[in-house]
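Undergrad: Next up, run_33.cif (mmCIF, C-alpha atoms).
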data_run
loop_
_atom_site.label_atom_id
_atom_site.label_comp_id
_atom_site.auth_asym_id
_atom_site.auth_seq_id
_atom_site.Cartn_x
_atom_site.Cartn_y
_atom_site.Cartn_z
CA MET O 25 -232.29 50.29 63.50
CA ALA O 26 -229.12 50.11 61.41
CA HIS O 27 -225.94 48.95 63.14
CA GLY O 28 -222.25 49.04 62.25
CA PRO O 29 -221.50 49.20 58.52
CA ASP O 30 -225.23 49.21 57.78
CA GLY O 31 -225.52 52.61 59.42
CA GLU O 32 -222.63 54.01 57.36
CA ARG O 33 -224.20 52.67 54.15
CA LEU O 34 -227.53 54.23 55.10
CA VAL O 35 -225.99 57.65 55.70
CA GLY O 36 -223.83 57.29 52.58
CA ALA O 37 -226.93 56.69 50.46
CA LEU O 38 -228.58 59.78 51.93
CA LEU O 39 -225.53 61.89 51.05
CA ASP O 40 -225.32 60.47 47.52
CA GLY O 41 -228.88 61.65 47.00
CA LEU O 42 -227.77 65.28 47.36
CA GLY O 43 -226.13 65.34 43.94
CA ASP O 44 -229.07 67.26 42.50
CA ALA O 45 -228.31 70.07 44.99
CA GLY O 46 -224.68 70.36 43.87
CA TRP O 47 -223.10 68.21 46.59
CA VAL O 48 -220.33 65.65 46.02
CA ALA O 49 -220.13 62.80 48.56
CA LEU O 50 -216.83 61.04 49.32
CA HIS O 51 -216.81 57.92 51.48
CA ASP O 52 -214.28 55.99 53.59
CA LEU O 53 -211.36 58.39 53.27
CA HIS O 54 -208.11 58.52 55.23
CA TRP O 55 -207.99 60.58 58.40
CA PRO O 56 -205.02 62.90 57.69
CA GLY O 57 -202.14 62.12 60.02
CA ARG O 58 -203.72 58.86 61.26
CA LYS O 59 -202.48 55.72 59.54
CA ARG O 60 -205.15 53.36 60.91
CA ALA O 61 -208.21 55.62 61.10
CA ASN O 62 -210.72 56.61 58.48
CA LEU O 63 -213.38 59.22 57.83
CA ASP O 64 -216.88 57.86 57.22
CA HIS O 65 -218.01 60.62 54.84
CA VAL O 66 -216.80 63.99 53.54
CA LEU O 67 -219.33 66.10 51.68
CA VAL O 68 -218.38 69.01 49.41
CA GLY O 69 -221.05 71.36 48.12
CA PRO O 70 -222.44 74.89 48.05
CA GLY O 71 -222.60 74.96 51.85
CA GLY O 72 -218.90 74.13 52.25
CA VAL O 73 -217.03 71.00 53.30
CA VAL O 74 -218.79 68.78 55.87
CA VAL O 75 -217.10 65.89 57.67
CA VAL O 76 -219.77 63.39 58.77
CA ASP O 77 -218.98 60.80 61.44
CA THR O 78 -221.70 58.16 61.72
CA LYS O 79 -222.63 56.68 65.11
CA ASN O 80 -224.99 53.75 65.67
CA TRP O 81 -225.67 54.02 69.38
CA SER O 82 -228.90 52.58 70.69
CA ALA O 83 -228.80 54.59 73.94
CA PRO O 84 -230.51 57.99 73.86
CA VAL O 85 -228.23 60.88 72.84
CA ALA O 86 -228.62 64.53 73.79
CA VAL O 87 -226.65 67.77 73.90
CA ARG O 88 -226.92 69.67 77.16
CA LEU O 89 -227.46 73.41 77.31
CA ASP O 90 -223.76 73.88 78.09
CA GLY O 91 -222.83 72.03 74.88
CA VAL O 92 -221.75 68.72 76.47
CA LEU O 93 -222.64 65.57 74.53
CA GLN O 94 -224.20 62.91 76.71
CA VAL O 95 -225.49 59.36 76.27
CA SER O 96 -228.10 58.07 78.70
CA GLY O 97 -227.31 61.09 80.86
CA THR O 98 -223.56 60.35 80.97
CA PRO O 99 -221.11 62.82 79.35
CA ARG O 100 -219.42 61.46 76.22
CA SER O 101 -217.35 64.45 75.15
CA SER O 102 -214.68 62.18 73.68
CA ALA O 103 -216.87 61.46 70.63
CA SER O 104 -217.38 65.17 70.02
CA ARG O 105 -213.67 65.88 70.45
CA ASP O 106 -212.76 63.16 67.96
CA ALA O 107 -215.18 64.59 65.41
CA ALA O 108 -213.72 68.06 65.93
CA MET O 109 -210.18 66.74 65.47
CA MET O 110 -210.98 64.92 62.23
CA THR O 111 -212.73 68.05 60.95
CA ALA O 112 -209.67 70.17 61.74
CA ALA O 113 -207.41 67.61 60.02
CA VAL O 114 -209.46 67.83 56.82
CA ALA O 115 -209.37 71.63 56.97
CA ALA O 116 -205.56 71.49 57.26
CA VAL O 117 -205.17 69.91 53.80
CA LEU O 118 -207.22 72.68 52.15
CA PRO O 119 -206.02 76.13 51.03
CA PRO O 120 -206.58 78.88 53.62
CA GLN O 121 -209.55 80.47 51.85
CA HIS O 122 -211.52 77.21 52.08
CA ARG O 123 -210.64 76.14 55.63
CA THR O 124 -213.32 78.32 57.22
CA THR O 125 -216.04 76.48 55.27
CA VAL O 126 -215.32 73.13 56.95
CA ALA O 127 -217.85 71.81 59.49
CA GLY O 128 -218.09 68.62 61.54
CA VAL O 129 -221.22 66.53 62.06
CA LEU O 130 -222.00 63.60 64.36
CA CYS O 131 -224.89 61.73 62.76
CA PHE O 132 -226.72 59.21 64.97
CA THR O 133 -228.74 56.70 62.97
CA GLY O 134 -232.20 55.78 64.15
CA GLN O 135 -232.48 58.71 66.57
CA GLN O 136 -234.76 61.70 66.30
CA LEU O 137 -232.52 64.61 67.25
CA VAL O 138 -232.96 68.31 66.72
CA PRO O 139 -229.62 69.63 65.37
CA ALA O 140 -227.53 71.03 68.22
CA THR O 141 -223.92 72.21 68.47
CA THR O 142 -221.50 70.90 71.08
CA ARG O 143 -218.95 73.08 72.82
CA GLU O 144 -216.31 71.62 70.47
CA GLY O 145 -218.23 73.11 67.53
CA VAL O 146 -219.61 69.81 66.19
CA VAL O 147 -223.24 69.56 65.05
CA VAL O 148 -225.14 66.59 66.50
CA LEU O 149 -228.23 65.35 64.65
CA GLY O 150 -230.13 62.25 63.57
CA ASP O 151 -230.09 60.70 60.11
CA ALA O 152 -233.69 61.82 59.51
CA SER O 153 -232.69 65.50 59.68
CA LEU O 154 -229.27 65.22 57.98
CA THR O 155 -230.21 66.11 54.39
CA ASP O 156 -232.54 68.95 55.38
CA TRP O 157 -229.79 70.47 57.52
CA LEU O 158 -227.28 70.25 54.67
CA ARG O 159 -229.68 71.78 52.14
CA GLY O 160 -230.31 74.67 54.53
CA LEU O 161 -226.65 75.72 54.82
CA GLN O 162 -225.70 79.15 53.57
CA PRO O 163 -223.98 78.97 50.15
CA TRP O 164 -220.21 79.49 50.31
CA LEU O 165 -218.64 77.69 47.37
CA ALA O 166 -219.12 78.11 43.63
CA ASP O 167 -219.54 75.10 41.35
CA ASP O 168 -215.91 75.16 40.18
CA GLU O 169 -214.68 75.37 43.79
CA VAL O 170 -216.81 72.38 44.74
CA ARG O 171 -215.34 70.37 41.89
CA ASP O 172 -211.74 71.39 42.62
CA ILE O 173 -212.00 70.72 46.36
CA ALA O 174 -213.66 67.34 45.84
CA ASP O 175 -210.95 66.30 43.36
CA HIS O 176 -208.23 67.47 45.74
CA LEU O 177 -209.66 65.56 48.72
CA ARG O 178 -210.16 62.46 46.60
CA ARG O 179 -206.49 62.53 45.60
CA GLU O 180 -205.13 63.41 49.05
CA LEU O 181 -207.32 61.20 51.22
CA GLY O 182 -208.39 58.45 48.88
CA GLY O 183 -204.97 57.02 48.07
CA ALA O 184 -203.14 54.01 49.45
CA GLU O 185 -201.69 55.88 52.46
CA SER O 186 -202.82 58.64 54.77
CA PRO O 187 -200.99 61.95 54.26
CA GLU O 188 -198.82 63.29 57.06
CA LEU O 189 -199.66 66.56 58.76
CA LEU O 190 -197.15 69.15 59.99
CA THR O 191 -197.52 69.70 63.72
CA THR O 192 -195.83 71.73 66.44
CA ALA O 193 -193.87 68.60 67.43
CA ALA O 194 -191.34 69.58 64.75
CA ALA O 195 -190.74 72.86 66.58
CA SER O 196 -189.62 71.20 69.82
CA PRO O 197 -186.09 72.29 70.92
CA ARG O 198 -185.10 68.64 71.25
CA ALA O 199 -186.03 68.02 67.63
CA LYS O 200 -183.89 70.81 66.18
CA ALA O 201 -181.18 69.56 63.84
CA PRO O 202 -177.56 70.68 64.42
CA ARG O 203 -176.23 73.46 62.26
CA ALA O 204 -174.02 72.76 59.29
CA GLY O 205 -170.55 71.72 60.48
CA GLN O 206 -171.71 71.23 64.06
CA ARG O 207 -171.51 67.82 65.67
CA PRO O 208 -174.50 66.69 67.73
CA GLY O 209 -174.07 67.46 71.42
CA ARG O 210 -171.33 70.10 70.90
CA ARG O 211 -171.61 73.84 70.96
CA PRO O 212 -170.85 75.66 67.72
CA ALA O 213 -167.44 77.34 67.47
CA ARG O 214 -167.46 81.08 68.07
CA THR O 215 -166.74 83.23 65.05
CA ARG O 216 -165.65 86.88 64.79
CA PRO O 217 -167.87 89.37 63.00
CA LYS O 218 -166.60 90.20 59.54
CA GLY O 219 -164.44 93.36 59.28
CA ARG O 220 -163.04 93.09 62.80
CA ARG O 221 -159.56 91.89 63.72
CA ALA O 222 -158.85 89.83 66.73
CA ALA O 223 -157.46 91.83 69.65
CA PRO O 224 -153.70 91.14 70.22
CA LYS O 225 -152.90 89.04 73.21
CA PRO O 226 -151.15 90.94 76.04
CA ALA O 227 -147.40 90.29 76.24
CA SER O 228 -146.11 88.26 79.13
CA LYS O 229 -144.78 90.39 82.03
CA ALA O 230 -141.88 88.04 82.92
CA PRO O 231 -139.57 88.87 79.91
CA ARG O 232 -140.16 92.57 80.47
CA ARG O 233 -139.03 92.31 84.09
CA LEU O 234 -135.87 90.49 83.06
CA VAL O 235 -135.01 93.25 80.61
CA LEU O 236 -135.44 95.93 83.28
CA LEU O 237 -133.30 93.98 85.75
CA ALA O 238 -130.51 93.51 83.22
CA GLY O 239 -130.56 97.22 82.47
CA ALA O 240 -130.25 98.08 86.15
CA VAL O 241 -127.29 95.74 86.63
CA ALA O 242 -125.53 97.19 83.58
CA ALA O 243 -126.03 100.68 84.91
CA LEU O 244 -124.53 99.78 88.27
CA VAL O 245 -121.51 98.11 86.63
CA GLY O 246 -120.97 101.13 84.42
CA ALA O 247 -121.20 103.52 87.36
CA SER O 248 -118.64 101.50 89.37
CA SER O 249 -116.13 101.50 86.48
CA TRP O 250 -116.54 105.23 86.00
CA MET O 251 -115.89 105.93 89.70
CA ASN O 252 -112.70 103.77 89.63
CA ALA O 253 -111.44 105.70 86.61
CA VAL O 254 -112.03 109.21 87.86
CA GLY O 255 -111.36 108.56 91.55
CA PRO O 256 -107.56 109.31 91.46
CA LEU O 257 -108.14 112.50 89.50
CA VAL O 258 -110.43 114.03 92.05
CA ALA O 259 -108.62 112.76 95.15
CA PRO O 260 -107.06 115.58 97.31
#
The structure given in the file should be rewritten as structure tokens.

TA:
Amino acid sequence: MAHGPDGERLVGALLDGLGDAGWVALHDLHWPGRKRANLDHVLVGPGGVVVVDTKNWSAPVAVRLDGVLQVSGTPRSSASRDAAMMTAAVAAVLPPQHRTTVAGVLCFTGQQLVPATTREGVVVLGDASLTDWLRGLQPWLADDEVRDIADHLRRELGGAESPELLTTAAASPRAKAPRAGQRPGRRPARTRPKGRRAAPKPASKAPRRLVLLAGAVAALVGASSWMNAVGPLVAP
């Protein structure tokens, strides 16, 4: 039984042998968004884009009827989830029309497994049935699409660094940048809608009361002077 890197080389050689069927095999690529993780194999061909994760487990592997991956009777869904996540990451770097052609495969070397699908959507099989399963996939991609996608993935995932992926973390309210002219931690200044004037502030009531009081005093003084002037004229 092959172990470690030997298992990856074994599966890689099987995939390279599918060139006559129009498949292009890419090996040891970056896992998009993961700086220290890699993808064992990515295959591009008539049947779509297939991400193959090689496992070299000596314990017996099976997929239960409910789609749970298990090893020696113990659930190991983490391996299936990881394969599903790497498959989704590869799909994210492709144009929308090609994302639906991406599939994930967990290939266990040295084990005779009938292909079965986990509840995460990953196909589990043994290395002996890998090439037959790939050749039996329904055709999706034309020759020029296979070539373009393979070149794109080779450039994006085969470079010196792993490409970043946009996630919903950037949409968190805490991550929102302040607006132009707004200092962090301060509310933006309120602005009036264009075309509307600010309402005039109400005048203070104190000056108005003083004016009324002065007018009343003047009226009383005037009335007193008038009575003093006309009093002798109307006296009996």

Undergrad: May I ask which of the residues O:Asp172, O:Asp167, O:Glu185, O:Asp77 is the closest one to Met110 (chain O), counting only C-alpha atoms?

TA: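 For Met110 (chain O), the nearest of the candidates is O:Asp77.
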
Undergrad: Which residues are near region 97-108 of chain O? Cut-off 10 Å, only C-alpha atoms, ignore same chain within fewer than 6 positions. Put them as a PyMOL selection string.

TA: chain O and resi 63+75-79+83-88+91+127-130+141-148

Undergrad: Rounded to one decimal place, report the CA of Gly36 (chain O)-CA of Leu67 (chain O) distance in Å.

TA: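 Atom-to-atom, CA of Gly36 (chain O) and CA of Leu67 (chain O) are spaced 9.9 Å apart.
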
Undergrad: List, as an mmCIF file with C-alpha atoms, in the coordinates of the input, every residue that the PyMOL selection byres ((chain O and resi 61) around 12) selects in the file provided.

TA:
data_model
loop_
_atom_site.group_PDB
_atom_site.id
_atom_site.type_symbol
_atom_site.label_atom_id
_atom_site.label_comp_id
_atom_site.auth_asym_id
_atom_site.auth_seq_id
_atom_site.Cartn_x
_atom_site.Cartn_y
_atom_site.Cartn_z
ATOM 1 C CA ASP O 52 -214.280 55.990 53.590
ATOM 2 C CA LEU O 53 -211.360 58.390 53.270
ATOM 3 C CA HIS O 54 -208.110 58.520 55.230
ATOM 4 C CA TRP O 55 -207.990 60.580 58.400
ATOM 5 C CA PRO O 56 -205.020 62.900 57.690
ATOM 6 C CA GLY O 57 -202.140 62.120 60.020
ATOM 7 C CA ARG O 58 -203.720 58.860 61.260
ATOM 8 C CA LYS O 59 -202.480 55.720 59.540
ATOM 9 C CA ARG O 60 -205.150 53.360 60.910
ATOM 10 C CA ASN O 62 -210.720 56.610 58.480
ATOM 11 C CA LEU O 63 -213.380 59.220 57.830
ATOM 12 C CA ASP O 64 -216.880 57.860 57.220
ATOM 13 C CA ASP O 77 -218.980 60.800 61.440
ATOM 14 C CA ASP O 106 -212.760 63.160 67.960
ATOM 15 C CA MET O 110 -210.980 64.920 62.230
ATOM 16 C CA LEU O 181 -207.320 61.200 51.220
ATOM 17 C CA GLU O 185 -201.690 55.880 52.460
ATOM 18 C CA SER O 186 -202.820 58.640 54.770
ATOM 19 C CA PRO O 187 -200.990 61.950 54.260
#

Undergrad: If you count all atoms listed in the file, which residues fall within 9 Å of Leu42 (chain O), apart from same-chain ones fewer than 6 positions away, as a list in words?

TA: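 Listing them by chain and then by number gives Val48, Ala49, Thr155, Leu158 and Arg159 of chain O.
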
Undergrad: Can those selected residues be exported to a file as a tab-separated table (two decimals), in the coordinates of the input so that it contains C-alpha atoms?

TA:
chain	number	residue	atom	x	y	z
O	48	VAL	CA	-220.33	65.65	46.02
O	49	ALA	CA	-220.13	62.80	48.56
O	155	THR	CA	-230.21	66.11	54.39
O	158	LEU	CA	-227.28	70.25	54.67
O	159	ARG	CA	-229.68	71.78	52.14

Undergrad: Using all atoms listed in the file, find the one residue out of O:Asp30, O:Ala113, O:Gly43, O:Trp164 that sits nearest to Glu180 (chain O).

TA: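 Of O:Asp30, O:Ala113, O:Gly43, O:Trp164, the one nearest Glu180 (chain O) is O:Ala113, counting all atoms listed in the file.
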
Undergrad: List the residues matched by the PyMOL selection byres ((chain O and resi 151) around 9) in the displayed structure as a list in words, ordered by chain and then by residue number.

TA: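 So the PyMOL selection byres ((chain O and resi 151) around 9) ends up selecting Leu34, Val35, Leu38, Thr78, Cys131, Phe132, Thr133, Gly134, Gln135, Gln136, Leu137, Leu149, Gly150, Ala152, Ser153, Leu154 and Thr155 of chain O.
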
Undergrad: Rounded to one decimal, what separation in Å do you get between CA of Ser82 (chain O) and CA of Gly41 (chain O)?

TA: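 Atom-to-atom, CA of Ser82 (chain O) and CA of Gly41 (chain O) are spaced 25.4 Å apart.
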
Undergrad: Which is closest to Pro163 (chain O) among O:Leu189, O:Glu32, O:Trp47, O:Leu39, if we use all atoms listed in the file?

TA: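 With all atoms listed in the file as the atom set, the closest residue is O:Trp47.
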
Undergrad: Select, from O:Pro139, O:Gly46, O:Pro120, O:Gly31, the residue with the minimum atom-to-atom distance to Ala174 (chain O), counting only C-alpha atoms.

TA: O:Gly46

Undergrad: For the file shown, report as a count of residues only the outcome of the PyMOL selection byres ((chain O and resi 73) around 9) at residue level.

TA: 20

Undergrad: Of the candidates O:Leu177, O:Ala45, O:Val95, O:Leu118, which one gets nearest to Asp156 (chain O) if we count all atoms listed in the file?

TA: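 Looking only at the distances to Asp156 (chain O), the closest residue turns out to be O:Ala45.
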
Undergrad: As an exercise, work out the distance from CA of Thr191 (chain O) to CA of Ala116 (chain O) in Å and give it to one decimal place.

TA: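 Calculated distance between CA of Thr191 (chain O) and CA of Ala116 (chain O) is 10.5 Å.
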